[in-house]
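Undergrad: Structure in structure tokens, see below.
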Amino acid sequence: MDSHVPRHVGIIMDGNGRWARRRGRPASFGHRAGVRAIKRALQACEDFGVHVLSIYAFSTENWSRPRAEVRALMRLFHETMQREIDEMHQRGVRIVWSGRMEDLSPRMRDRIEEAMARTANNKNGVLNVCLNYGGRAEIVDAVRKLIGDGLAASDVDEAAISARMYRPELPDPDLIIRTAGERRVSNFLLWQGAYAEMLVTETLWPDFDAEDLKSALDDYTSRVRRFGARPEAEIVISGSN
Ligand code: IPE
Ligand code: IPE
Ligand code: MG
């Protein structure tokens with residue numbers, strides 16, 4: 001494996017609404033086009049050797065959108081999972097999901113559970129669907145688990161918290177891409193993204209394709225990740241001050 005290829009890429013898929021508005025259509029039209037972009041991105045990840053792709057599909061804050069849009073989105077997620085599961089499974093993709101179950105409808109929960117169970121042993125890449133996901137909600141849920149597990153304050157450390165995140169088995173994201181130009185994190189992978197490289201592209205999500213992913217990966221390759229340390233080449237051995 002090429003060490004310059006990120007193992008885990010997260011995408012804040014933004015701009016569906018703007019894409020639709022430019023065409024004089026409702027947001028749901030953009031969300032449909034957004035699903036096609038997910039398929040392209042997943043294929044491109046496989047082609048370029050990215051093992052884990054996390055997609056931000058619906059945030060815990062997105063419930064505050066117009067009811068009709070939320071309903072259309074939920075219908076689209078349900079329909080997409082039903083339609084795509086066979087192909088994903090054949091391609092050997094493991095589907096996992098991150099988020100809060102309790103606010104989702106029973107049929108949505110069933111779809112998610114089914115997709116995860118069917119693809120659980122697949123080894124050809126991981127698609128982490130962040131649906132009803134919020135980074136703060138995830139931390140709150142982890143704290144609840146810590147308390148539920150009866151941990152003493154002195155036993156609470158980063159490893160204990162990481163182990164109680166929604167997907168502790170996944171590596172932290174190396175690269176987080178946000179489409180549609182907004183320079184904010186919007187509650188995505190707050191804990192895991194502590195040292196992720198960030199890339200913002202003006203491309204609206206429905207237009208995002210393999211070329212866009214390739215240039216994001218090339219950009220990532222050119223960066224030096226420091227994790228707070230002083231790179232060897234910058235260390236001056238002698239001299240005062
Ligand atoms: C992102 O596209 C998709 C979701 C948040 C579900 P938006 O719908 O946020 O698109 P803009 O920001 O309105 O263009
Ligand atoms: C972030 O996009 C959430 C998803 C992509 C699911 P938003 O469009 O909801 O973010 P804000 O409101 O612009 O911060
Ligand atoms: Mg948006």
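Chain identifiers are assigned as A, B, and so on, following the order in which chains appear in the structure tokens; residues are numbered from 1 within each chain, and ligands are numbered from 1 in order of appearance.
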If you count only C-alpha atoms and all ligand atoms, which residues end up within 8 Å of ligand 1, as a VMD selection string?
TA: chain A and resid 12 to 20 27 30 to 31 34 56 to 59 62 73 180 204 to 205
Undergrad: Enumerate the residues of chain A with a DSSP assignment of helix (DSSP H, G or I), computed from the backbone, and present them as a tab-separated table (two decimals) with N, CA, C and O atoms, in the first residue's frame.
TA:
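Output file states-v4.tsv is given in full below:
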```tsv
chain	number	residue	atom	x	y	z
A	16	ASN	N	-25.74	20.19	-2.32
A	16	ASN	CA	-26.85	19.62	-3.09
A	16	ASN	C	-27.95	20.65	-3.34
A	16	ASN	O	-28.51	20.72	-4.43
A	17	GLY	N	-28.24	21.44	-2.30
A	17	GLY	CA	-29.31	22.45	-2.41
A	17	GLY	C	-28.97	23.50	-3.46
A	17	GLY	O	-29.79	23.85	-4.31
A	18	ARG	N	-27.72	23.99	-3.41
A	18	ARG	CA	-27.29	25.00	-4.37
A	18	ARG	C	-27.30	24.45	-5.80
A	18	ARG	O	-27.70	25.12	-6.75
A	19	TRP	N	-26.87	23.22	-5.94
A	19	TRP	CA	-26.84	22.57	-7.26
A	19	TRP	C	-28.25	22.52	-7.85
A	19	TRP	O	-28.46	22.80	-9.03
A	20	ALA	N	-29.21	22.17	-6.99
A	20	ALA	CA	-30.60	22.08	-7.46
A	20	ALA	C	-31.17	23.48	-7.76
A	20	ALA	O	-31.83	23.69	-8.78
A	21	ARG	N	-30.85	24.43	-6.87
A	21	ARG	CA	-31.40	25.78	-7.03
A	21	ARG	C	-30.94	26.40	-8.35
A	21	ARG	O	-31.72	27.05	-9.03
A	27	ALA	N	-34.60	21.10	-3.48
A	27	ALA	CA	-33.38	20.49	-2.91
A	27	ALA	C	-33.34	18.98	-3.14
A	27	ALA	O	-32.27	18.41	-3.39
A	28	SER	N	-34.50	18.34	-3.09
A	28	SER	CA	-34.52	16.87	-3.22
A	28	SER	C	-33.92	16.42	-4.56
A	28	SER	O	-33.33	15.34	-4.64
A	29	PHE	N	-34.04	17.25	-5.57
A	29	PHE	CA	-33.44	16.94	-6.87
A	29	PHE	C	-31.92	16.89	-6.74
A	29	PHE	O	-31.25	16.01	-7.30
A	30	GLY	N	-31.38	17.80	-5.97
A	30	GLY	CA	-29.94	17.82	-5.72
A	30	GLY	C	-29.51	16.63	-4.88
A	30	GLY	O	-28.43	16.05	-5.11
A	31	HIS	N	-30.33	16.24	-3.92
A	31	HIS	CA	-29.97	15.09	-3.08
A	31	HIS	C	-29.90	13.81	-3.92
A	31	HIS	O	-29.04	12.97	-3.70
A	32	ARG	N	-30.80	13.70	-4.89
A	32	ARG	CA	-30.76	12.51	-5.78
A	32	ARG	C	-29.47	12.49	-6.58
A	32	ARG	O	-28.82	11.43	-6.71
A	33	ALA	N	-29.10	13.64	-7.09
A	33	ALA	CA	-27.85	13.72	-7.84
A	33	ALA	C	-26.68	13.44	-6.91
A	33	ALA	O	-25.66	12.86	-7.31
A	34	GLY	N	-26.82	13.81	-5.64
A	34	GLY	CA	-25.78	13.58	-4.63
A	34	GLY	C	-25.53	12.09	-4.42
A	34	GLY	O	-24.40	11.66	-4.19
A	35	VAL	N	-26.58	11.30	-4.48
A	35	VAL	CA	-26.42	9.85	-4.32
A	35	VAL	C	-25.56	9.28	-5.45
A	35	VAL	O	-24.69	8.43	-5.22
A	36	ARG	N	-25.75	9.78	-6.66
A	36	ARG	CA	-24.93	9.30	-7.78
A	36	ARG	C	-23.45	9.66	-7.54
A	36	ARG	O	-22.55	8.89	-7.87
A	37	ALA	N	-23.24	10.81	-6.93
A	37	ALA	CA	-21.86	11.22	-6.64
A	37	ALA	C	-21.23	10.30	-5.58
A	37	ALA	O	-20.02	10.06	-5.60
A	38	ILE	N	-22.04	9.80	-4.66
A	38	ILE	CA	-21.51	8.86	-3.64
A	38	ILE	C	-21.00	7.60	-4.33
A	38	ILE	O	-19.93	7.09	-4.02
A	39	LYS	N	-21.79	7.10	-5.28
A	39	LYS	CA	-21.36	5.88	-5.99
A	39	LYS	C	-20.02	6.11	-6.70
A	39	LYS	O	-19.13	5.27	-6.67
A	40	ARG	N	-19.91	7.28	-7.34
A	40	ARG	CA	-18.66	7.60	-8.04
A	40	ARG	C	-17.50	7.68	-7.05
A	40	ARG	O	-16.41	7.17	-7.31
A	41	ALA	N	-17.75	8.33	-5.92
A	41	ALA	CA	-16.67	8.52	-4.93
A	41	ALA	C	-16.21	7.18	-4.37
A	41	ALA	O	-15.01	6.94	-4.18
A	42	LEU	N	-17.15	6.31	-4.12
A	42	LEU	CA	-16.81	4.99	-3.57
A	42	LEU	C	-15.96	4.21	-4.56
A	42	LEU	O	-14.95	3.59	-4.19
A	43	GLN	N	-16.36	4.24	-5.81
A	43	GLN	CA	-15.59	3.56	-6.86
A	43	GLN	C	-14.18	4.16	-6.95
A	43	GLN	O	-13.18	3.43	-7.03
A	44	ALA	N	-14.11	5.48	-6.90
A	44	ALA	CA	-12.81	6.15	-7.02
A	44	ALA	C	-11.92	5.79	-5.82
A	44	ALA	O	-10.72	5.58	-5.97
A	45	CYS	N	-12.51	5.69	-4.64
A	45	CYS	CA	-11.72	5.29	-3.46
A	45	CYS	C	-11.12	3.91	-3.68
A	45	CYS	O	-9.95	3.67	-3.37
A	46	GLU	N	-11.92	3.02	-4.21
A	46	GLU	CA	-11.42	1.67	-4.48
A	46	GLU	C	-10.27	1.75	-5.50
A	46	GLU	O	-9.22	1.15	-5.29
A	47	ASP	N	-10.47	2.51	-6.55
A	47	ASP	CA	-9.45	2.62	-7.60
A	47	ASP	C	-8.15	3.23	-7.08
A	47	ASP	O	-7.07	2.84	-7.50
A	48	PHE	N	-8.26	4.18	-6.17
A	48	PHE	CA	-7.06	4.89	-5.70
A	48	PHE	C	-6.47	4.29	-4.42
A	48	PHE	O	-5.49	4.79	-3.89
A	62	ASN	N	-29.62	18.50	10.95
A	62	ASN	CA	-30.40	18.60	9.72
A	62	ASN	C	-31.90	18.35	9.92
A	62	ASN	O	-32.71	18.65	9.03
A	63	TRP	N	-32.29	17.86	11.10
A	63	TRP	CA	-33.73	17.71	11.39
A	63	TRP	C	-34.44	19.05	11.38
A	63	TRP	O	-35.66	19.11	11.23
A	64	SER	N	-33.69	20.13	11.54
A	64	SER	CA	-34.32	21.45	11.58
A	64	SER	C	-34.64	21.98	10.18
A	64	SER	O	-35.16	23.08	10.04
A	67	ARG	N	-39.79	20.14	6.80
A	67	ARG	CA	-40.23	18.75	6.96
A	67	ARG	C	-40.23	17.97	5.65
A	67	ARG	O	-39.87	16.81	5.60
A	68	ALA	N	-40.65	18.66	4.59
A	68	ALA	CA	-40.72	17.97	3.29
A	68	ALA	C	-39.33	17.54	2.83
A	68	ALA	O	-39.16	16.45	2.27
A	69	GLU	N	-38.33	18.37	3.10
A	69	GLU	CA	-36.96	18.01	2.69
A	69	GLU	C	-36.45	16.83	3.52
A	69	GLU	O	-35.83	15.90	2.98
A	70	VAL	N	-36.72	16.88	4.83
A	70	VAL	CA	-36.27	15.78	5.70
A	70	VAL	C	-36.93	14.46	5.26
A	70	VAL	O	-36.27	13.43	5.12
A	71	ARG	N	-38.23	14.54	4.98
A	71	ARG	CA	-38.94	13.33	4.55
A	71	ARG	C	-38.36	12.80	3.24
A	71	ARG	O	-38.14	11.59	3.09
A	72	ALA	N	-38.12	13.70	2.31
A	72	ALA	CA	-37.58	13.28	1.00
A	72	ALA	C	-36.20	12.65	1.18
A	72	ALA	O	-35.87	11.63	0.55
A	73	LEU	N	-35.40	13.22	2.08
A	73	LEU	CA	-34.06	12.68	2.34
A	73	LEU	C	-34.14	11.28	2.93
A	73	LEU	O	-33.44	10.36	2.49
A	74	MET	N	-35.00	11.12	3.93
A	74	MET	CA	-35.11	9.81	4.59
A	74	MET	C	-35.59	8.75	3.59
A	74	MET	O	-35.10	7.63	3.57
A	75	ARG	N	-36.55	9.16	2.74
A	75	ARG	CA	-37.05	8.23	1.72
A	75	ARG	C	-35.91	7.85	0.77
A	75	ARG	O	-35.73	6.69	0.43
A	76	LEU	N	-35.13	8.84	0.41
A	76	LEU	CA	-34.01	8.60	-0.52
A	76	LEU	C	-32.96	7.66	0.09
A	76	LEU	O	-32.47	6.74	-0.56
A	77	PHE	N	-32.64	7.88	1.37
A	77	PHE	CA	-31.65	7.01	2.03
A	77	PHE	C	-32.15	5.57	2.06
A	77	PHE	O	-31.41	4.63	1.77
A	78	HIS	N	-33.41	5.43	2.42
A	78	HIS	CA	-34.00	4.10	2.54
A	78	HIS	C	-33.97	3.38	1.20
A	78	HIS	O	-33.49	2.25	1.07
A	79	GLU	N	-34.44	4.08	0.18
A	79	GLU	CA	-34.51	3.54	-1.17
A	79	GLU	C	-33.11	3.20	-1.71
A	79	GLU	O	-32.90	2.14	-2.30
A	80	THR	N	-32.15	4.08	-1.42
A	80	THR	CA	-30.80	3.87	-1.93
A	80	THR	C	-30.17	2.63	-1.29
A	80	THR	O	-29.55	1.81	-1.96
A	81	MET	N	-30.36	2.51	0.03
A	81	MET	CA	-29.77	1.35	0.71
A	81	MET	C	-30.35	0.06	0.17
A	81	MET	O	-29.63	-0.90	-0.06
A	82	GLN	N	-31.67	0.08	-0.06
A	82	GLN	CA	-32.33	-1.10	-0.58
A	82	GLN	C	-31.82	-1.46	-1.98
A	82	GLN	O	-31.53	-2.61	-2.28
A	83	ARG	N	-31.65	-0.43	-2.81
A	83	ARG	CA	-31.28	-0.65	-4.20
A	83	ARG	C	-29.80	-1.03	-4.36
A	83	ARG	O	-29.44	-1.83	-5.21
A	84	GLU	N	-28.95	-0.45	-3.52
A	84	GLU	CA	-27.51	-0.60	-3.74
A	84	GLU	C	-26.86	-1.74	-2.97
A	84	GLU	O	-25.71	-2.09	-3.24
A	85	ILE	N	-27.58	-2.29	-2.00
A	85	ILE	CA	-26.94	-3.25	-1.10
A	85	ILE	C	-26.35	-4.46	-1.83
A	85	ILE	O	-25.23	-4.87	-1.55
A	86	ASP	N	-27.07	-4.99	-2.82
A	86	ASP	CA	-26.57	-6.17	-3.53
A	86	ASP	C	-25.23	-5.87	-4.21
A	86	ASP	O	-24.27	-6.64	-4.08
A	87	GLU	N	-25.22	-4.74	-4.92
A	87	GLU	CA	-24.00	-4.39	-5.65
A	87	GLU	C	-22.82	-4.14	-4.69
A	87	GLU	O	-21.71	-4.61	-4.91
A	88	MET	N	-23.10	-3.44	-3.61
A	88	MET	CA	-22.04	-3.17	-2.61
A	88	MET	C	-21.48	-4.48	-2.07
A	88	MET	O	-20.28	-4.64	-1.90
A	89	HIS	N	-22.41	-5.38	-1.77
A	89	HIS	CA	-22.01	-6.66	-1.20
A	89	HIS	C	-21.16	-7.44	-2.20
A	89	HIS	O	-20.12	-7.98	-1.85
A	90	GLN	N	-21.61	-7.44	-3.47
A	90	GLN	CA	-20.83	-8.13	-4.51
A	90	GLN	C	-19.43	-7.54	-4.66
A	90	GLN	O	-18.47	-8.26	-4.92
A	106	PRO	N	-38.37	2.94	12.41
A	106	PRO	CA	-38.07	1.50	12.51
A	106	PRO	C	-37.65	0.90	11.17
A	106	PRO	O	-36.73	0.08	11.12
A	107	ARG	N	-38.27	1.33	10.06
A	107	ARG	CA	-37.88	0.71	8.78
A	107	ARG	C	-36.48	1.14	8.35
A	107	ARG	O	-35.73	0.36	7.76
A	108	MET	N	-36.10	2.36	8.71
A	108	MET	CA	-34.74	2.81	8.41
A	108	MET	C	-33.73	2.02	9.24
A	108	MET	O	-32.69	1.58	8.74
A	109	ARG	N	-34.07	1.84	10.51
A	109	ARG	CA	-33.17	1.06	11.38
A	109	ARG	C	-32.99	-0.35	10.83
A	109	ARG	O	-31.88	-0.88	10.82
A	110	ASP	N	-34.10	-0.95	10.38
A	110	ASP	CA	-34.02	-2.31	9.84
A	110	ASP	C	-33.09	-2.36	8.64
A	110	ASP	O	-32.27	-3.27	8.51
A	111	ARG	N	-33.22	-1.38	7.73
A	111	ARG	CA	-32.37	-1.33	6.55
A	111	ARG	C	-30.89	-1.26	6.94
A	111	ARG	O	-30.04	-1.93	6.38
A	112	ILE	N	-30.62	-0.38	7.90
A	112	ILE	CA	-29.24	-0.18	8.33
A	112	ILE	C	-28.68	-1.46	8.94
A	112	ILE	O	-27.59	-1.91	8.59
A	113	GLU	N	-29.47	-2.05	9.83
A	113	GLU	CA	-29.03	-3.29	10.49
A	113	GLU	C	-28.77	-4.38	9.45
A	113	GLU	O	-27.78	-5.11	9.53
A	114	GLU	N	-29.67	-4.47	8.49
A	114	GLU	CA	-29.56	-5.50	7.45
A	114	GLU	C	-28.29	-5.28	6.62
A	114	GLU	O	-27.54	-6.22	6.35
A	115	ALA	N	-28.07	-4.03	6.21
A	115	ALA	CA	-26.90	-3.72	5.39
A	115	ALA	C	-25.62	-4.04	6.15
A	115	ALA	O	-24.67	-4.62	5.60
A	116	MET	N	-25.59	-3.71	7.44
A	116	MET	CA	-24.38	-3.97	8.23
A	116	MET	C	-24.17	-5.46	8.43
A	116	MET	O	-23.05	-5.96	8.31
A	117	ALA	N	-25.26	-6.17	8.70
A	117	ALA	CA	-25.13	-7.61	8.95
A	117	ALA	C	-24.69	-8.34	7.70
A	117	ALA	O	-23.79	-9.18	7.73
A	118	ARG	N	-25.31	-8.01	6.56
A	118	ARG	CA	-24.98	-8.71	5.31
A	118	ARG	C	-23.55	-8.50	4.87
A	118	ARG	O	-22.93	-9.39	4.30
A	119	THR	N	-23.03	-7.31	5.11
A	119	THR	CA	-21.70	-6.99	4.57
A	119	THR	C	-20.59	-7.10	5.62
A	119	THR	O	-19.46	-6.74	5.35
A	135	GLY	N	-20.96	15.02	15.84
A	135	GLY	CA	-19.75	14.78	16.62
A	135	GLY	C	-19.97	15.01	18.10
A	135	GLY	O	-19.46	14.27	18.95
A	136	ARG	N	-20.75	16.03	18.43
A	136	ARG	CA	-21.01	16.28	19.86
A	136	ARG	C	-21.90	15.19	20.44
A	136	ARG	O	-21.66	14.72	21.57
A	137	ALA	N	-22.91	14.79	19.69
A	137	ALA	CA	-23.80	13.71	20.17
A	137	ALA	C	-22.97	12.44	20.42
A	137	ALA	O	-23.19	11.72	21.40
A	138	GLU	N	-22.00	12.19	19.54
A	138	GLU	CA	-21.17	11.00	19.68
A	138	GLU	C	-20.35	11.06	20.97
A	138	GLU	O	-20.20	10.06	21.68
A	139	ILE	N	-19.84	12.25	21.27
A	139	ILE	CA	-19.05	12.39	22.50
A	139	ILE	C	-19.97	12.24	23.73
A	139	ILE	O	-19.62	11.57	24.71
A	140	VAL	N	-21.15	12.84	23.65
A	140	VAL	CA	-22.12	12.68	24.76
A	140	VAL	C	-22.43	11.19	24.96
A	140	VAL	O	-22.42	10.68	26.09
A	141	ASP	N	-22.66	10.48	23.85
A	141	ASP	CA	-22.99	9.06	23.96
A	141	ASP	C	-21.81	8.27	24.54
A	141	ASP	O	-22.01	7.32	25.31
A	142	ALA	N	-20.60	8.66	24.18
A	142	ALA	CA	-19.42	7.97	24.73
A	142	ALA	C	-19.31	8.21	26.23
A	142	ALA	O	-19.00	7.29	27.00
A	143	VAL	N	-19.61	9.44	26.66
A	143	VAL	CA	-19.55	9.74	28.10
A	143	VAL	C	-20.61	8.92	28.85
A	143	VAL	O	-20.35	8.38	29.93
A	144	ARG	N	-21.78	8.81	28.23
A	144	ARG	CA	-22.82	7.98	28.88
A	144	ARG	C	-22.35	6.54	29.03
A	144	ARG	O	-22.60	5.91	30.05
A	145	LYS	N	-21.67	6.03	27.98
A	145	LYS	CA	-21.16	4.64	28.07
A	145	LYS	C	-20.10	4.53	29.17
A	145	LYS	O	-20.09	3.54	29.92
A	146	LEU	N	-19.24	5.53	29.28
A	146	LEU	CA	-18.21	5.50	30.33
A	146	LEU	C	-18.87	5.39	31.69
A	146	LEU	O	-18.44	4.59	32.54
A	147	ILE	N	-19.90	6.22	31.88
A	147	ILE	CA	-20.59	6.21	33.18
A	147	ILE	C	-21.30	4.88	33.37
A	147	ILE	O	-21.22	4.26	34.43
A	148	GLY	N	-21.96	4.41	32.29
A	148	GLY	CA	-22.66	3.12	32.36
A	148	GLY	C	-21.71	1.99	32.69
A	148	GLY	O	-22.07	1.04	33.39
A	153	ALA	N	-13.02	8.13	37.61
A	153	ALA	CA	-12.45	9.29	36.90
A	153	ALA	C	-11.00	9.03	36.49
A	153	ALA	O	-10.58	9.41	35.39
A	154	SER	N	-10.25	8.37	37.35
A	154	SER	CA	-8.84	8.15	37.06
A	154	SER	C	-8.62	7.15	35.91
A	154	SER	O	-7.53	7.07	35.36
A	155	ASP	N	-9.67	6.41	35.56
A	155	ASP	CA	-9.55	5.46	34.44
A	155	ASP	C	-9.98	6.06	33.11
A	155	ASP	O	-9.89	5.42	32.07
A	158	GLU	N	-7.86	9.02	26.91
A	158	GLU	CA	-8.26	9.11	25.50
A	158	GLU	C	-8.63	7.75	24.93
A	158	GLU	O	-9.58	7.64	24.15
A	159	ALA	N	-7.88	6.72	25.33
A	159	ALA	CA	-8.17	5.39	24.80
A	159	ALA	C	-9.56	4.92	25.25
A	159	ALA	O	-10.30	4.31	24.47
A	160	ALA	N	-9.91	5.24	26.50
A	160	ALA	CA	-11.21	4.82	27.03
A	160	ALA	C	-12.34	5.52	26.27
A	160	ALA	O	-13.40	4.93	26.01
A	161	ILE	N	-12.12	6.77	25.91
A	161	ILE	CA	-13.14	7.50	25.15
A	161	ILE	C	-13.19	6.99	23.71
A	161	ILE	O	-14.27	6.69	23.19
A	162	SER	N	-12.03	6.86	23.09
A	162	SER	CA	-11.99	6.36	21.69
A	162	SER	C	-12.71	5.02	21.56
A	162	SER	O	-13.42	4.78	20.58
A	205	TRP	N	-21.34	19.13	-4.33
A	205	TRP	CA	-21.26	17.67	-4.19
A	205	TRP	C	-21.78	16.89	-5.41
A	205	TRP	O	-21.11	15.96	-5.88
A	206	PRO	N	-22.91	17.24	-5.99
A	206	PRO	CA	-23.38	16.42	-7.13
A	206	PRO	C	-22.43	16.44	-8.33
A	206	PRO	O	-22.49	15.56	-9.18
A	207	ASP	N	-21.54	17.42	-8.39
A	207	ASP	CA	-20.57	17.49	-9.50
A	207	ASP	C	-19.25	16.80	-9.16
A	207	ASP	O	-18.37	16.69	-10.02
A	210	ALA	N	-14.31	11.50	-9.88
A	210	ALA	CA	-13.02	10.83	-9.62
A	210	ALA	C	-11.85	11.82	-9.77
A	210	ALA	O	-10.89	11.75	-8.99
A	211	GLU	N	-11.94	12.73	-10.72
A	211	GLU	CA	-10.89	13.73	-10.91
A	211	GLU	C	-10.73	14.61	-9.67
A	211	GLU	O	-9.63	14.94	-9.25
A	212	ASP	N	-11.87	15.02	-9.10
A	212	ASP	CA	-11.84	15.85	-7.88
A	212	ASP	C	-11.21	15.08	-6.73
A	212	ASP	O	-10.43	15.63	-5.95
A	213	LEU	N	-11.55	13.81	-6.64
A	213	LEU	CA	-10.95	13.01	-5.55
A	213	LEU	C	-9.46	12.87	-5.79
A	213	LEU	O	-8.66	13.01	-4.85
A	214	LYS	N	-9.09	12.64	-7.03
A	214	LYS	CA	-7.67	12.48	-7.36
A	214	LYS	C	-6.90	13.75	-6.97
A	214	LYS	O	-5.83	13.67	-6.37
A	215	SER	N	-7.45	14.92	-7.30
A	215	SER	CA	-6.68	16.12	-6.96
A	215	SER	C	-6.66	16.34	-5.45
A	215	SER	O	-5.67	16.86	-4.91
A	216	ALA	N	-7.69	15.94	-4.74
A	216	ALA	CA	-7.66	16.02	-3.28
A	216	ALA	C	-6.57	15.11	-2.71
A	216	ALA	O	-5.83	15.48	-1.79
A	217	LEU	N	-6.47	13.91	-3.27
A	217	LEU	CA	-5.45	12.96	-2.79
A	217	LEU	C	-4.04	13.47	-3.12
A	217	LEU	O	-3.12	13.34	-2.31
A	218	ASP	N	-3.89	14.08	-4.29
A	218	ASP	CA	-2.59	14.64	-4.66
A	218	ASP	C	-2.20	15.77	-3.70
A	218	ASP	O	-1.05	15.89	-3.28
A	219	ASP	N	-3.16	16.59	-3.37
A	219	ASP	CA	-2.93	17.69	-2.43
A	219	ASP	C	-2.50	17.12	-1.07
A	219	ASP	O	-1.51	17.55	-0.47
A	220	TYR	N	-3.21	16.09	-0.63
A	220	TYR	CA	-2.88	15.43	0.64
A	220	TYR	C	-1.44	14.92	0.63
A	220	TYR	O	-0.68	15.11	1.58
A	221	THR	N	-1.06	14.30	-0.48
A	221	THR	CA	0.28	13.71	-0.61
A	221	THR	C	1.37	14.76	-0.44
A	221	THR	O	2.45	14.47	0.09
A	232	GLU	N	12.07	16.43	11.93
A	232	GLU	CA	13.52	16.22	12.02
A	232	GLU	C	14.30	17.33	11.29
A	232	GLU	O	15.23	17.92	11.82
A	233	ALA	N	13.86	17.61	10.05
A	233	ALA	CA	14.61	18.56	9.19
A	233	ALA	C	14.64	19.97	9.76
A	233	ALA	O	15.48	20.78	9.39
A	234	GLU	N	13.74	20.27	10.67
A	234	GLU	CA	13.68	21.63	11.22
A	234	GLU	C	14.47	21.79	12.51
A	234	GLU	O	14.58	22.88	13.05
```
Undergrad: Counting only C-alpha atoms and all ligand atoms, which residue out of A:Arg22, A:Arg183, A:His8, A:Arg223 sits closest to ligand 2?
TA: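 Among A:Arg22, A:Arg183, A:His8, A:Arg223, it is A:Arg183 that comes nearest to ligand 2.
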Undergrad: Do you know which residues are at most 9 Å from Arg167 of chain A counting only C-alpha atoms, after dropping those on the same chain fewer than 2 positions away, and could you put them as an NGL selection string?
TA: :A and (96-98 or 128 or 162-165 or 169-171)
Undergrad: Counting only C-alpha atoms and all ligand atoms, figure out which residue out of A:Arg225, A:Arg94, A:His4, A:Arg65 gets nearest to ligand 2.
TA: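 When distances to ligand 2 are compared using only C-alpha atoms and all ligand atoms, the smallest one comes from A:Arg65.
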Undergrad: Using only C-alpha atoms and all ligand atoms, which residue out of A:Glu102, A:Asp174, A:Glu197, A:Glu61 lies closest to ligand 3?
TA: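 So, comparing all the options, the nearest one is A:Glu61.
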Undergrad: Of the residues A:Ala120, A:Ala194, A:Cys130, A:Leu53, which is the one nearest to ligand 2, using only C-alpha atoms and all ligand atoms?
TA: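 Looking only at the distances to ligand 2, the closest residue turns out to be A:Cys130.
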Undergrad: Show which residues sit within 7 Å of Ile177 of chain A, as a list of chain:residue names. Count only C-alpha atoms, and ignore same-chain residues fewer than 3 positions away.
TA: A:Gly10, A:Ile11, A:Ile12, A:Met198, A:Leu199, A:Val200
Undergrad: Any chance you could export the current selection's N, CA, C and O atoms as an mmCIF file, in the first residue's frame?
TA:
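That gives us selection.cif:
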```cif
data_model
loop_
_atom_site.group_PDB
_atom_site.id
_atom_site.type_symbol
_atom_site.label_atom_id
_atom_site.label_comp_id
_atom_site.auth_asym_id
_atom_site.auth_seq_id
_atom_site.Cartn_x
_atom_site.Cartn_y
_atom_site.Cartn_z
ATOM 1 N N GLY A 10 -12.799 11.269 4.922
ATOM 2 C CA GLY A 10 -14.160 11.663 5.304
ATOM 3 C C GLY A 10 -14.630 12.752 4.350
ATOM 4 O O GLY A 10 -13.832 13.606 3.950
ATOM 5 N N ILE A 11 -15.887 12.717 3.978
ATOM 6 C CA ILE A 11 -16.393 13.759 3.076
ATOM 7 C C ILE A 11 -17.649 14.410 3.658
ATOM 8 O O ILE A 11 -18.622 13.728 4.004
ATOM 9 N N ILE A 12 -17.580 15.733 3.778
ATOM 10 C CA ILE A 12 -18.763 16.523 4.132
ATOM 11 C C ILE A 12 -19.393 16.900 2.786
ATOM 12 O O ILE A 12 -18.912 17.790 2.084
ATOM 13 N N MET A 198 -7.395 18.990 6.212
ATOM 14 C CA MET A 198 -8.676 19.500 5.711
ATOM 15 C C MET A 198 -8.513 19.997 4.277
ATOM 16 O O MET A 198 -7.501 20.620 3.948
ATOM 17 N N LEU A 199 -9.497 19.730 3.468
ATOM 18 C CA LEU A 199 -9.482 20.259 2.111
ATOM 19 C C LEU A 199 -10.886 20.730 1.737
ATOM 20 O O LEU A 199 -11.855 19.988 1.886
ATOM 21 N N VAL A 200 -10.961 21.992 1.329
ATOM 22 C CA VAL A 200 -12.248 22.539 0.903
ATOM 23 C C VAL A 200 -12.195 22.765 -0.599
ATOM 24 O O VAL A 200 -11.254 23.368 -1.108
#
```
Undergrad: Just give me the gap between atom 14 (O, counted along the ligand's line) of ligand 2 and atom CA of Asn132 of chain A in Å, one decimal is fine.
TA: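 Distance reported for this atom pair: 14.4 Å.
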Undergrad: List the spatial neighbours of Ala196 of chain A as a PyMOL selection string - criterion: any atom at most 7 Å away, only C-alpha atoms, same-chain residues fewer than 3 positions off excluded.
TA: chain A and resi 173-176+193
Undergrad: Quick one: pick out all strand (DSSP E or B) residues within segment 35-228 of chain A from a backbone DSSP run and write them as JSON, numbers by chain.
TA: {"A": [52, 53, 54, 55, 56, 57, 58, 59, 94, 95, 96, 97, 98, 126, 127, 128, 129, 130, 131, 132, 133, 175, 176, 177, 178, 197, 198, 199, 200]}
Undergrad: Since we have the selection now, will you write its residues out, keeping C-alpha atoms, as a short mmCIF file (atom, residue, chain, number, x, y, z; two decimals), in the first residue's frame?
TA:
```cif
data_model
loop_
_atom_site.label_atom_id
_atom_site.label_comp_id
_atom_site.auth_asym_id
_atom_site.auth_seq_id
_atom_site.Cartn_x
_atom_site.Cartn_y
_atom_site.Cartn_z
CA VAL A 52 -12.30 3.67 4.42
CA LEU A 53 -14.71 6.31 3.18
CA SER A 54 -16.88 8.14 5.71
CA ILE A 55 -19.72 10.13 4.21
CA TYR A 56 -21.67 12.74 6.11
CA ALA A 57 -25.20 12.11 4.87
CA PHE A 58 -27.37 13.71 7.54
CA SER A 59 -26.39 15.61 10.66
CA ARG A 94 -18.43 -3.46 4.28
CA ILE A 95 -21.12 -0.98 5.20
CA VAL A 96 -21.08 0.49 8.67
CA TRP A 97 -23.13 3.31 10.05
CA SER A 98 -22.43 6.04 12.57
CA VAL A 126 -15.46 0.22 4.27
CA LEU A 127 -18.25 2.70 3.66
CA ASN A 128 -19.10 4.47 6.91
CA VAL A 129 -22.47 6.14 6.49
CA CYS A 130 -22.85 9.01 8.96
CA LEU A 131 -26.60 9.41 9.10
CA ASN A 132 -28.19 11.22 12.00
CA TYR A 133 -24.61 11.78 13.05
CA LEU A 175 -8.20 13.64 5.14
CA ILE A 176 -11.53 15.42 5.43
CA ILE A 177 -12.91 16.96 2.25
CA ARG A 178 -15.70 19.51 2.26
CA GLU A 197 -5.88 17.26 6.96
CA MET A 198 -8.68 19.50 5.71
CA LEU A 199 -9.48 20.26 2.11
CA VAL A 200 -12.25 22.54 0.90
#
```
